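Asker: Quick one, upload09.txt (compact mmCIF, C-alpha atoms and all ligand atoms):
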```txt
# COMPACT_ATOMS: atom_id res chain seq x y z
CA MET A 125 84.63 116.50 90.45
CA THR A 126 86.33 119.21 88.43
CA THR A 127 88.21 122.26 89.53
CA HIS A 128 89.04 125.55 87.88
CA ILE A 129 92.74 124.73 88.26
CA GLU A 130 92.37 121.92 85.78
CA SER A 131 92.85 122.73 82.08
CA GLU A 132 90.36 121.77 79.38
CA GLU A 133 92.79 119.09 78.16
CA HIS A 134 92.98 117.58 81.62
CA LYS A 135 89.21 117.61 81.97
CA ALA A 136 88.92 115.91 78.60
CA LEU A 137 91.47 113.27 79.64
CA ARG A 138 89.58 112.75 82.89
CA SER A 139 86.28 112.13 81.17
CA ALA A 140 87.78 109.91 78.44
CA VAL A 141 89.52 107.70 81.04
CA SER A 142 86.42 107.68 83.17
CA ALA A 143 84.42 106.38 80.19
CA LEU A 144 86.96 103.60 79.68
CA GLY A 145 86.95 102.74 83.38
CA ASN A 146 83.18 102.62 83.50
CA ARG A 147 83.04 100.34 80.49
CA TYR A 148 85.04 97.81 82.53
CA GLY A 149 83.99 98.86 86.03
CA ARG A 150 84.03 96.98 89.30
CA ASP A 151 82.37 93.88 87.82
CA TYR A 152 85.27 93.35 85.45
CA LEU A 153 87.81 93.60 88.27
CA THR A 154 85.77 91.33 90.54
CA ARG A 155 85.65 88.67 87.81
CA THR A 156 89.36 89.02 87.11
CA ILE A 157 90.23 88.65 90.79
CA ALA A 158 87.94 85.61 91.15
CA GLU A 159 89.70 83.97 88.21
CA GLY A 160 93.10 84.83 89.71
CA LYS A 161 94.07 86.70 86.57
CA PRO A 162 95.70 90.09 86.01
CA PRO A 163 93.54 92.83 84.45
CA THR A 164 95.14 92.28 81.04
CA GLU A 165 92.23 93.44 78.88
CA LEU A 166 91.90 96.78 80.62
CA TRP A 167 95.67 97.24 80.78
CA SER A 168 96.04 96.55 77.03
CA GLU A 169 93.18 98.79 76.02
CA ALA A 170 94.44 101.62 78.23
CA GLY A 171 97.86 101.11 76.61
CA LYS A 172 96.47 101.23 73.07
CA LEU A 173 94.61 104.43 73.89
CA GLY A 174 97.86 105.99 75.11
CA TYR A 175 96.83 106.31 78.76
CA LEU A 176 99.57 104.16 80.31
CA GLY A 177 102.34 106.27 78.83
CA VAL A 178 100.87 109.78 79.06
CA ASN A 179 103.84 110.83 81.21
CA LEU A 180 106.57 109.39 78.99
CA PRO A 181 108.43 111.27 76.23
CA GLU A 182 106.83 111.38 72.79
CA ALA A 183 110.14 110.40 71.22
CA HIS A 184 109.80 107.03 72.93
CA GLY A 185 106.13 106.35 72.33
CA GLY A 186 104.68 108.29 75.25
CA GLY A 187 102.21 111.14 75.39
CA GLY A 188 104.72 113.82 76.35
CA GLY A 189 102.84 114.81 79.49
CA GLY A 190 103.77 114.33 83.12
CA ILE A 191 102.71 112.80 86.41
CA THR A 192 99.81 115.26 86.43
CA GLU A 193 98.28 113.40 83.48
CA LEU A 194 99.18 109.93 84.73
CA SER A 195 97.62 110.64 88.12
CA ILE A 196 94.40 111.66 86.37
CA VAL A 197 94.39 108.30 84.57
CA LEU A 198 94.81 106.29 87.76
CA GLU A 199 92.36 108.35 89.79
CA GLU A 200 89.62 108.00 87.17
CA LEU A 201 90.12 104.26 86.71
CA GLY A 202 89.95 103.89 90.49
CA ALA A 203 86.83 106.03 90.75
CA ALA A 204 85.24 103.66 88.21
CA GLY A 205 86.11 100.73 90.48
CA SER A 206 88.87 99.32 88.31
CA PRO A 207 92.22 100.78 89.39
CA LEU A 208 95.43 99.53 87.79
CA LEU A 209 97.98 99.34 90.61
CA MET A 210 100.87 98.72 88.24
CA LEU A 211 100.47 102.27 86.88
CA VAL A 212 102.14 103.35 90.11
CA VAL A 213 105.12 101.19 89.29
CA SER A 214 105.70 100.59 85.59
CA PRO A 215 105.22 103.99 83.91
CA ALA A 216 105.40 106.19 87.02
CA ILE A 217 108.52 104.88 88.77
CA CYS A 218 110.36 102.78 86.19
CA GLY A 219 109.35 104.81 83.14
CA THR A 220 110.30 108.06 84.87
CA VAL A 221 113.67 106.82 86.11
CA ILE A 222 114.61 105.37 82.72
CA SER A 223 113.51 108.44 80.80
CA ARG A 224 115.37 110.77 83.15
CA PHE A 225 118.55 108.78 83.76
CA GLY A 226 118.66 105.86 81.32
CA THR A 227 120.91 105.59 78.30
CA GLU A 228 119.49 106.00 74.80
CA ALA A 229 119.63 102.22 74.41
CA GLN A 230 117.71 101.63 77.67
CA LYS A 231 115.09 104.18 76.62
CA ARG A 232 114.67 102.54 73.21
CA GLN A 233 114.50 99.09 74.77
CA TRP A 234 111.95 99.84 77.48
CA LEU A 235 109.97 103.03 77.10
CA PRO A 236 107.81 102.24 74.03
CA GLY A 237 106.68 98.94 75.60
CA ILE A 238 106.03 100.50 79.00
CA ALA A 239 104.04 103.26 77.25
CA ASP A 240 101.83 100.98 75.16
CA GLY A 241 101.48 98.36 77.88
CA THR A 242 103.14 95.51 76.00
CA ARG A 243 105.99 95.46 78.55
CA LEU A 244 105.78 95.90 82.26
CA MET A 245 108.41 96.66 84.86
CA ALA A 246 108.01 96.07 88.60
CA PHE A 247 109.98 97.94 91.28
CA GLY A 248 111.78 96.46 94.26
CA ILE A 249 113.15 98.47 97.15
CA THR A 250 111.57 96.94 100.29
CA GLU A 251 113.61 94.32 102.14
CA PRO A 252 112.61 92.05 105.01
CA ASP A 253 115.20 93.48 107.40
CA ALA A 254 115.10 97.08 106.23
CA GLY A 255 111.38 97.94 105.81
CA SER A 256 110.80 101.64 106.35
CA ASN A 257 114.53 102.19 106.84
CA SER A 258 115.85 102.09 103.27
CA HIS A 259 119.32 102.98 104.54
CA ARG A 260 119.56 99.41 105.78
CA ILE A 261 119.04 97.69 102.46
CA THR A 262 121.68 95.06 101.83
CA THR A 263 120.99 93.89 98.27
CA THR A 264 124.48 94.18 96.88
CA ALA A 265 126.01 94.35 93.42
CA ARG A 266 129.59 93.32 92.91
CA LYS A 267 131.66 93.66 89.76
CA ASP A 268 132.70 90.52 87.92
CA GLY A 269 134.63 91.61 84.86
CA ALA A 270 132.26 93.85 82.92
CA ASP A 271 129.22 92.23 84.54
CA TRP A 272 127.44 92.77 87.82
CA LEU A 273 126.49 90.01 90.24
CA LEU A 274 123.46 90.99 92.29
CA SER A 275 122.40 89.26 95.52
CA GLY A 276 119.78 90.03 98.11
CA ARG A 277 116.18 89.66 99.20
CA LYS A 278 113.15 91.80 98.55
CA VAL A 279 109.65 91.57 99.92
CA PHE A 280 106.14 92.77 98.98
CA ILE A 281 107.13 93.43 95.38
CA SER A 282 103.99 93.94 93.31
CA GLY A 283 103.28 92.40 89.93
CA VAL A 284 106.45 90.35 89.46
CA ASP A 285 104.45 87.54 87.80
CA ILE A 286 103.30 89.86 85.02
CA ALA A 287 106.53 91.87 84.74
CA ASP A 288 109.28 91.47 82.16
CA ALA A 289 111.81 92.92 84.58
CA VAL A 290 112.12 94.43 88.04
CA LEU A 291 113.92 97.70 88.70
CA ILE A 292 115.86 96.65 91.79
CA VAL A 293 117.32 99.11 94.27
CA GLY A 294 120.64 97.82 95.55
CA ARG A 295 123.99 99.19 96.55
CA THR A 296 127.46 98.50 95.25
CA GLU A 297 129.96 96.52 97.27
CA ASP A 298 132.12 99.51 98.18
CA ALA A 299 129.01 101.45 99.20
CA ARG A 300 127.69 98.66 101.40
CA THR A 301 128.23 100.48 104.66
CA GLY A 302 127.24 103.96 105.65
CA ARG A 303 124.35 105.97 104.32
CA LEU A 304 122.42 104.65 101.41
CA LYS A 305 123.94 105.25 98.00
CA PRO A 306 121.43 103.39 95.94
CA CYS A 307 122.03 101.89 92.53
CA LEU A 308 119.22 100.89 90.24
CA PHE A 309 119.40 97.71 88.17
CA ILE A 310 117.06 96.36 85.52
CA VAL A 311 116.71 92.66 86.36
CA PRO A 312 114.83 90.43 83.90
CA THR A 313 112.34 88.20 85.70
CA ASP A 314 113.66 85.15 83.81
CA ALA A 315 117.29 85.72 84.86
CA GLU A 316 119.14 82.79 86.37
CA GLY A 317 119.30 83.08 90.15
CA PHE A 318 116.13 85.20 90.30
CA ASP A 319 113.48 83.49 92.39
CA LYS A 320 109.98 84.74 93.24
CA ARG A 321 107.48 83.44 95.76
CA PRO A 322 103.93 84.84 96.05
CA ILE A 323 102.95 86.24 99.45
CA ASP A 324 99.51 85.24 100.66
CA MET A 325 97.93 88.67 101.10
CA GLU A 326 94.42 89.31 102.46
CA LEU A 327 93.80 91.81 99.70
CA ASN A 328 91.08 91.53 97.14
CA ALA A 329 93.30 92.79 94.34
CA ALA A 330 94.26 91.68 90.87
CA GLU A 331 97.95 92.37 91.47
CA LYS A 332 99.98 90.00 93.62
CA GLN A 333 102.92 90.67 95.93
CA PHE A 334 106.12 88.58 95.92
CA GLU A 335 109.16 87.82 97.95
CA LEU A 336 112.28 87.79 95.79
CA VAL A 337 115.57 86.03 96.29
CA LEU A 338 118.43 87.16 94.09
CA ASP A 339 121.30 84.76 94.23
CA ASP A 340 124.30 86.04 92.26
CA VAL A 341 122.12 87.19 89.39
CA ARG A 342 124.51 87.97 86.54
CA LEU A 343 123.70 91.23 84.81
CA PRO A 344 125.44 92.99 81.94
CA ALA A 345 127.08 96.37 82.64
CA ASP A 346 124.17 98.16 80.97
CA ALA A 347 121.66 96.75 83.47
CA LEU A 348 122.63 99.69 85.68
CA VAL A 349 120.34 102.67 85.19
CA GLY A 350 122.05 106.01 85.49
CA ASP A 351 125.12 106.80 87.48
CA GLU A 352 126.53 104.49 90.12
CA ASP A 353 127.38 107.59 92.19
CA ALA A 354 124.26 109.68 91.64
CA GLY A 355 122.69 108.14 94.74
CA LEU A 356 119.46 109.33 96.21
CA LEU A 357 118.72 111.94 93.56
CA GLN A 358 117.95 109.28 90.96
CA LEU A 359 115.96 107.19 93.37
CA PHE A 360 113.80 110.11 94.44
CA ALA A 361 113.14 110.94 90.82
CA GLY A 362 111.11 107.72 90.90
CA LEU A 363 109.81 107.81 94.45
CA ASN A 364 108.07 111.18 94.23
CA PRO A 365 105.93 110.00 91.29
CA GLU A 366 105.24 106.82 93.28
CA ARG A 367 103.84 108.86 96.17
CA ILE A 368 101.78 111.08 93.88
CA MET A 369 100.40 108.01 92.11
CA THR A 370 99.59 106.28 95.41
CA ALA A 371 97.62 109.41 96.29
CA ALA A 372 95.75 109.05 92.97
CA PHE A 373 95.08 105.39 93.73
CA ALA A 374 93.70 106.28 97.16
CA ILE A 375 91.57 109.19 95.95
CA GLY A 376 90.09 107.04 93.17
CA MET A 377 89.21 104.25 95.59
CA GLY A 378 87.78 106.72 98.11
CA ARG A 379 85.61 108.32 95.42
CA TYR A 380 84.37 104.93 94.29
CA ALA A 381 83.34 103.91 97.82
CA LEU A 382 81.81 107.29 98.58
CA ALA A 383 79.71 107.25 95.40
CA LYS A 384 78.35 103.81 96.28
CA ALA A 385 77.44 104.99 99.77
CA VAL A 386 75.76 108.17 98.54
CA GLU A 387 73.71 106.22 96.01
CA TYR A 388 72.60 103.83 98.75
CA ALA A 389 71.86 106.56 101.29
CA ARG A 390 69.62 108.41 98.83
CA ASP A 391 67.30 105.42 98.47
CA ARG A 392 67.44 103.30 101.56
CA THR A 393 64.46 104.18 103.73
CA VAL A 394 63.78 102.56 107.08
CA TRP A 395 61.97 105.48 108.75
CA LYS A 396 60.14 108.31 107.03
CA ALA A 397 63.03 109.70 105.03
CA PRO A 398 65.96 108.01 103.28
CA ILE A 399 68.89 107.34 105.64
CA GLY A 400 70.90 110.01 103.78
CA ALA A 401 68.60 112.63 105.34
CA HIS A 402 69.97 111.78 108.79
CA GLN A 403 72.93 114.00 109.50
CA ALA A 404 74.71 111.18 111.30
CA ILE A 405 74.90 109.54 107.88
CA ALA A 406 75.13 112.64 105.67
CA HIS A 407 77.81 114.60 107.52
CA PRO A 408 80.51 111.92 107.60
CA LEU A 409 79.93 111.40 103.88
CA ALA A 410 80.24 115.14 103.29
CA GLN A 411 83.43 115.14 105.37
CA ALA A 412 84.80 112.25 103.34
CA HIS A 413 84.12 114.20 100.16
CA ILE A 414 85.88 117.29 101.54
CA ASP A 415 88.88 115.24 102.66
CA LEU A 416 89.20 113.60 99.24
CA GLU A 417 88.96 116.98 97.49
CA LEU A 418 91.64 118.46 99.76
CA ALA A 419 93.90 115.48 99.19
CA ARG A 420 93.44 115.88 95.44
CA LEU A 421 94.43 119.53 95.69
CA MET A 422 97.71 118.57 97.38
CA MET A 423 98.24 115.81 94.84
CA GLN A 424 97.79 118.33 92.03
CA LYS A 425 100.28 120.65 93.70
CA ALA A 426 102.82 117.85 94.06
CA ALA A 427 102.35 116.74 90.45
CA HIS A 428 102.62 120.33 89.24
CA LEU A 429 105.87 120.91 91.14
CA TYR A 430 107.27 117.59 89.99
CA ASP A 431 106.41 118.19 86.34
CA ALA A 432 107.93 121.68 86.60
CA GLY A 433 111.24 120.09 87.64
CA ASP A 434 111.16 121.11 91.31
CA ASP A 435 112.19 117.79 92.87
CA THR A 436 112.68 119.25 96.35
CA GLY A 437 109.36 121.09 96.49
CA ALA A 438 107.64 118.06 95.00
CA GLY A 439 109.14 115.83 97.71
CA GLU A 440 107.35 117.56 100.56
CA ALA A 441 104.09 117.96 98.63
CA ALA A 442 104.14 114.35 97.39
CA ASN A 443 104.56 113.07 100.94
CA MET A 444 101.76 115.27 102.23
CA ALA A 445 99.49 114.28 99.32
CA LYS A 446 100.12 110.58 99.94
CA TYR A 447 99.41 111.05 103.65
CA ALA A 448 96.23 113.06 103.09
CA ALA A 449 94.93 110.74 100.37
CA GLY A 450 95.66 107.58 102.37
CA GLU A 451 93.82 108.93 105.40
CA ALA A 452 90.92 110.26 103.30
CA CYS A 453 90.59 106.91 101.52
CA VAL A 454 90.59 104.85 104.73
CA LYS A 455 87.92 107.12 106.25
CA ALA A 456 85.78 107.23 103.09
CA VAL A 457 85.80 103.45 102.76
CA ASP A 458 85.05 102.97 106.44
CA GLN A 459 82.11 105.39 106.29
CA ALA A 460 80.85 103.86 103.04
CA VAL A 461 80.76 100.38 104.57
CA HIS A 462 78.97 101.75 107.62
CA THR A 463 76.41 103.58 105.49
CA LEU A 464 75.29 100.31 103.93
CA GLY A 465 74.66 98.66 107.29
CA GLY A 466 74.66 94.88 106.87
CA ASN A 467 74.95 95.26 103.13
CA GLY A 468 78.29 96.93 103.71
CA LEU A 469 79.62 93.52 104.61
CA THR A 470 78.06 91.49 101.81
CA ARG A 471 79.96 90.30 98.78
CA GLU A 472 77.16 91.55 96.56
CA PHE A 473 77.82 95.19 97.43
CA GLY A 474 81.57 94.68 97.28
CA LEU A 475 82.65 97.35 99.74
CA ALA A 476 83.95 95.31 102.68
CA SER A 477 87.00 94.08 100.77
CA LEU A 478 88.00 97.70 100.22
CA ILE A 479 88.64 98.00 103.96
CA THR A 480 91.92 96.09 103.61
CA ALA A 481 92.66 97.50 100.17
CA ALA A 482 92.34 101.06 101.49
CA ARG A 483 94.95 100.33 104.17
CA VAL A 484 97.57 99.79 101.49
CA ALA A 485 97.66 103.52 100.86
CA ARG A 486 98.34 104.10 104.55
CA ILE A 487 101.26 101.68 104.64
CA ALA A 488 102.87 101.77 101.19
CA PRO A 489 105.09 102.96 99.66
CA VAL A 490 105.94 104.87 102.78
CA SER A 491 103.90 104.61 105.94
CA ARG A 492 101.83 107.31 107.55
CA GLU A 493 104.31 107.51 110.44
CA MET A 494 107.32 107.93 108.17
CA ILE A 495 105.59 110.84 106.46
CA LEU A 496 104.82 112.41 109.82
CA ASN A 497 108.50 111.91 110.66
CA TYR A 498 109.50 113.57 107.38
CA VAL A 499 107.29 116.60 108.00
CA SER A 500 108.41 116.81 111.66
CA HIS A 501 112.07 116.85 110.69
CA GLN A 502 112.25 118.40 107.23
CA THR A 503 109.44 120.92 107.43
CA LEU A 504 109.19 121.74 111.13
CA GLY A 505 112.85 121.22 112.04
CA LEU A 506 112.07 119.01 115.02
CA PRO A 507 114.74 116.59 116.30
CA LYS A 508 114.79 112.92 115.34
CA SER A 509 114.09 110.03 117.70
CA TYR A 510 115.78 107.40 115.54
C1 LIG B 601 100.03 95.80 98.83
C2 LIG B 601 101.46 96.22 98.96
C3 LIG B 601 102.22 96.39 97.81
C4 LIG B 601 103.56 96.74 97.91
N1 LIG B 601 104.29 96.85 96.75
C5 LIG B 601 105.62 97.11 96.83
C6 LIG B 601 106.43 97.15 95.65
O1 LIG B 601 105.92 96.95 94.53
N2 LIG B 601 107.75 97.39 95.78
C7 LIG B 601 108.34 97.59 97.00
O2 LIG B 601 109.54 97.79 97.04
N3 LIG B 601 107.61 97.57 98.14
C8 LIG B 601 106.27 97.32 98.08
N4 LIG B 601 105.50 97.29 99.24
C9 LIG B 601 106.17 97.41 100.55
C10 LIG B 601 105.85 98.71 101.29
O3 LIG B 601 106.46 99.80 100.68
C11 LIG B 601 106.28 98.51 102.76
O4 LIG B 601 105.37 97.59 103.34
C12 LIG B 601 106.34 99.79 103.55
O5 LIG B 601 107.42 100.59 103.09
C13 LIG B 601 106.51 99.55 105.07
O6 LIG B 601 107.58 98.71 105.33
P1 LIG B 601 107.38 97.43 106.29
O7 LIG B 601 106.20 96.69 105.80
O8 LIG B 601 108.67 96.71 106.38
O9 LIG B 601 107.00 98.05 107.68
P2 LIG B 601 107.98 98.43 108.90
O10 LIG B 601 109.08 99.32 108.40
O11 LIG B 601 108.35 97.21 109.63
O12 LIG B 601 107.01 99.32 109.79
C14 LIG B 601 106.01 98.73 110.63
C15 LIG B 601 105.29 99.83 111.39
O13 LIG B 601 106.22 100.58 112.19
C16 LIG B 601 106.13 101.95 111.88
N5 LIG B 601 107.47 102.58 111.97
C17 LIG B 601 108.64 102.12 111.44
N6 LIG B 601 109.64 102.99 111.71
C18 LIG B 601 109.09 104.01 112.41
C19 LIG B 601 109.60 105.21 112.97
N7 LIG B 601 110.89 105.58 112.85
N8 LIG B 601 108.74 106.04 113.61
C20 LIG B 601 107.42 105.72 113.74
N9 LIG B 601 106.89 104.59 113.24
C21 LIG B 601 107.71 103.75 112.58
C22 LIG B 601 105.59 102.03 110.46
O14 LIG B 601 104.94 103.25 110.21
C23 LIG B 601 104.63 100.85 110.43
O15 LIG B 601 103.37 101.24 110.94
C24 LIG B 601 104.15 96.95 99.17
C25 LIG B 601 103.38 96.78 100.34
C26 LIG B 601 102.06 96.42 100.24
C27 LIG B 601 101.26 96.23 101.50
```
Show me, as C-alpha cells, the structure contained in the file I just sent.

Answerer:
Amino acid sequence: MTTHIESEEHKALRSAVSALGNRYGRDYLTRTIAEGKPPTELWSEAGKLGYLGVNLPEAHGGGGGGITELSIVLEELGAAGSPLLMLVVSPAICGTVISRFGTEAQKRQWLPGIADGTRLMAFGITEPDAGSNSHRITTTARKDGADWLLSGRKVFISGVDIADAVLIVGRTEDARTGRLKPCLFIVPTDAEGFDKRPIDMELNAAEKQFELVLDDVRLPADALVGDEDAGLLQLFAGLNPERIMTAAFAIGMGRYALAKAVEYARDRTVWKAPIGAHQAIAHPLAQAHIDLELARLMMQKAAHLYDAGDDTGAGEAANMAKYAAGEACVKAVDQAVHTLGGNGLTREFGLASLITAARVARIAPVSREMILNYVSHQTLGLPKSY
C-alpha cells in the first residue's frame, strides 16, 4: 500500500521495516507470547537498525525524523504480524516529551538508550478513579526539601516489567484541586515505594499491563520533566504522538488480518468458485481495505501537522485518525475472522485472538466516545453533557 503523498525515503523505510517484520513475523510473536516473554530480539534488532528512534533528535542518537517516520515503523511491523506496542510509549510519548521539554542532562541520560532500544520508558496517566477523566487524577507530588515525594495509583500501565522508568503524570500539591495542571515525573521502576502488580488481561499480547502503587516515592528535583507550570501543553506534546501511534498500531493489525483473509478467500472453494468470488465475502473485505486506507490518510495528516509544529491542528487530526483507525481495525479483524469460517476461530490460523487485541485501539489511550465528545465540542461547537 503506497501513496503518492509518501516520499521515496518513506517508501524505502516502509519496505525496509516490512522486511524486518516479515523475518520475525507472527510466528515469532506467537512463540514469545506462549513463553511469556517480551519481544526482546525484535526490539533490539529494530533498535540497532535505528527504527526505534527515527523520531528522536540526531544529537541524542535518534534518526532526526518525526512521528511520520515512527508511525511507518509501527504500521509495517504490525502488518507483518509482529507489532511492538511499546513504540507507542517509549520513543513516541516519553522520547518526544523529553526531547521537547527535558533538560540537557535528561536528554543525555535517556534519549540515546530509548533510541537504540537499550532503555525503555513506560507511561502512566490512567488512574482507577479517574479513567477517561484525566482532570480527576490524584497522584500527587509534594516538596520535601529539594526532593519530591510522589504518591498515587495508576492502572493499565503497559510494559512496566521491561521498563527502566515510568513517566508518571501527577499534579503538585498546590495544584491538587481545580482543573488539571499536570506534572511529569521520571520514576525509576526500582525506586523504593514503587510497587507493580500485573493485571490479568484477556489479550494475546507480548506486553503486559500493570497496576502501580506509589507510596511516597522519593525523587530528586530533576525527576520533573519540563516546567511545573507548563500544564497541559507539555502533556499534549506526548499525547498527540500517542494517538497517531495507536492509529499506526491499529492500521498495521487491520492490514495483517485483512491480508490473511484475502489469501484464504482466494483459495478456499466449497462451491464452484473460491469464496472470495462471492460478493458477500469480497465486498466487506474491500470495505475494510478502504477504511484502513482512509484511516492511514488521516494518520498521515496528523503526523504531518505534528511534525510541522502545529500542535493544535495535530490534536484534532490525531484524535480523528485514532478513531478511524480503531474502528477500521475492529471491522477488518471481525471480517477476517468471519471469512475463515471455523478456521477463523482456530489457534492454527491465529486470527481469533486479534478480536480482543483490536478492541484495545477502540478503548486506549482515549476511548471512541471521548473522541466523539472532543469532535462534538471542539470541532462542531456542541454543548457538553458532562
Ligand atoms: C491494553 C491496554 C493498555 C493500556 N496501556 C496504558 C498505558 O500504558 N498507560 C496508561 O496510562 N494507560 C493505559 N491504558 C489505559 C487506557 O488509556 C484506559 O483504559 C482508557 O483511557 C479508558 O479509561 P477507563 O478504562 O478507565 O474507562 P472509563 O473512563 O471508565 O470508561 C468506560 C466507558 O465509558 C465511556 N465514557 C466515559 N466517559 C464518557 C463520557 N463523558 N461520554 C461518553 N462515554 C463515556 C468510555 O468511552 C468507555 O466506553 C491501557 C489500556 C489498555 C486496555

Asker: With distances taken over only C-alpha atoms and all ligand atoms, which residue among A:Lys332, A:Lys425, A:His462, A:His134 lies nearest ligand LIG 601 (chain B)?

Answerer: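 So, comparing all the options, the nearest one is A:Lys332.
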
Asker: Please define a box with edges along x, y and z of the file around all atoms of ligand LIG 601 (chain B) given in the file, extend it by 6 Å on each side, and return its centre and edge lengths in Å to one decimal, as AutoDock Vina command-line options.

Answerer:
```
--center_x 105.5 --center_y 100.9 --center_z 104.1 --size_x 22.9 --size_y 22.2 --size_z 31.2
```

Asker: Name the closest residue to A:Pro312 among the candidates A:Asp271, A:Asp285, A:Glu472, A:Asp415; distances are taken between atoms, counting all atoms listed in the file.

Answerer: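 Smallest distance to A:Pro312 is found for A:Asp285.
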
Asker: Throw together the list of residues within 9 Å of ligand LIG 601 (chain B), counting only C-alpha atoms and all ligand atoms, and drop it here as a ChimeraX atom specification.

Answerer: /A:209-210,212-213,246-258,278-284,292-293,325,327,329,331-334,481,483-497,508-510

Asker: Go ahead and compute the interatomic distance for atom CA of A:Gly174 and atom CA of A:Gly241, in Å to one decimal.

Answerer: 8.9 Å

Asker: For each of A:Ala412, A:Ala385, A:Val141, A:Ile323, take the minimum atom-to-atom distance to A:Glu335, counting all atoms listed in the file, then give the residue where this is smallest.

Answerer: A:Ile323
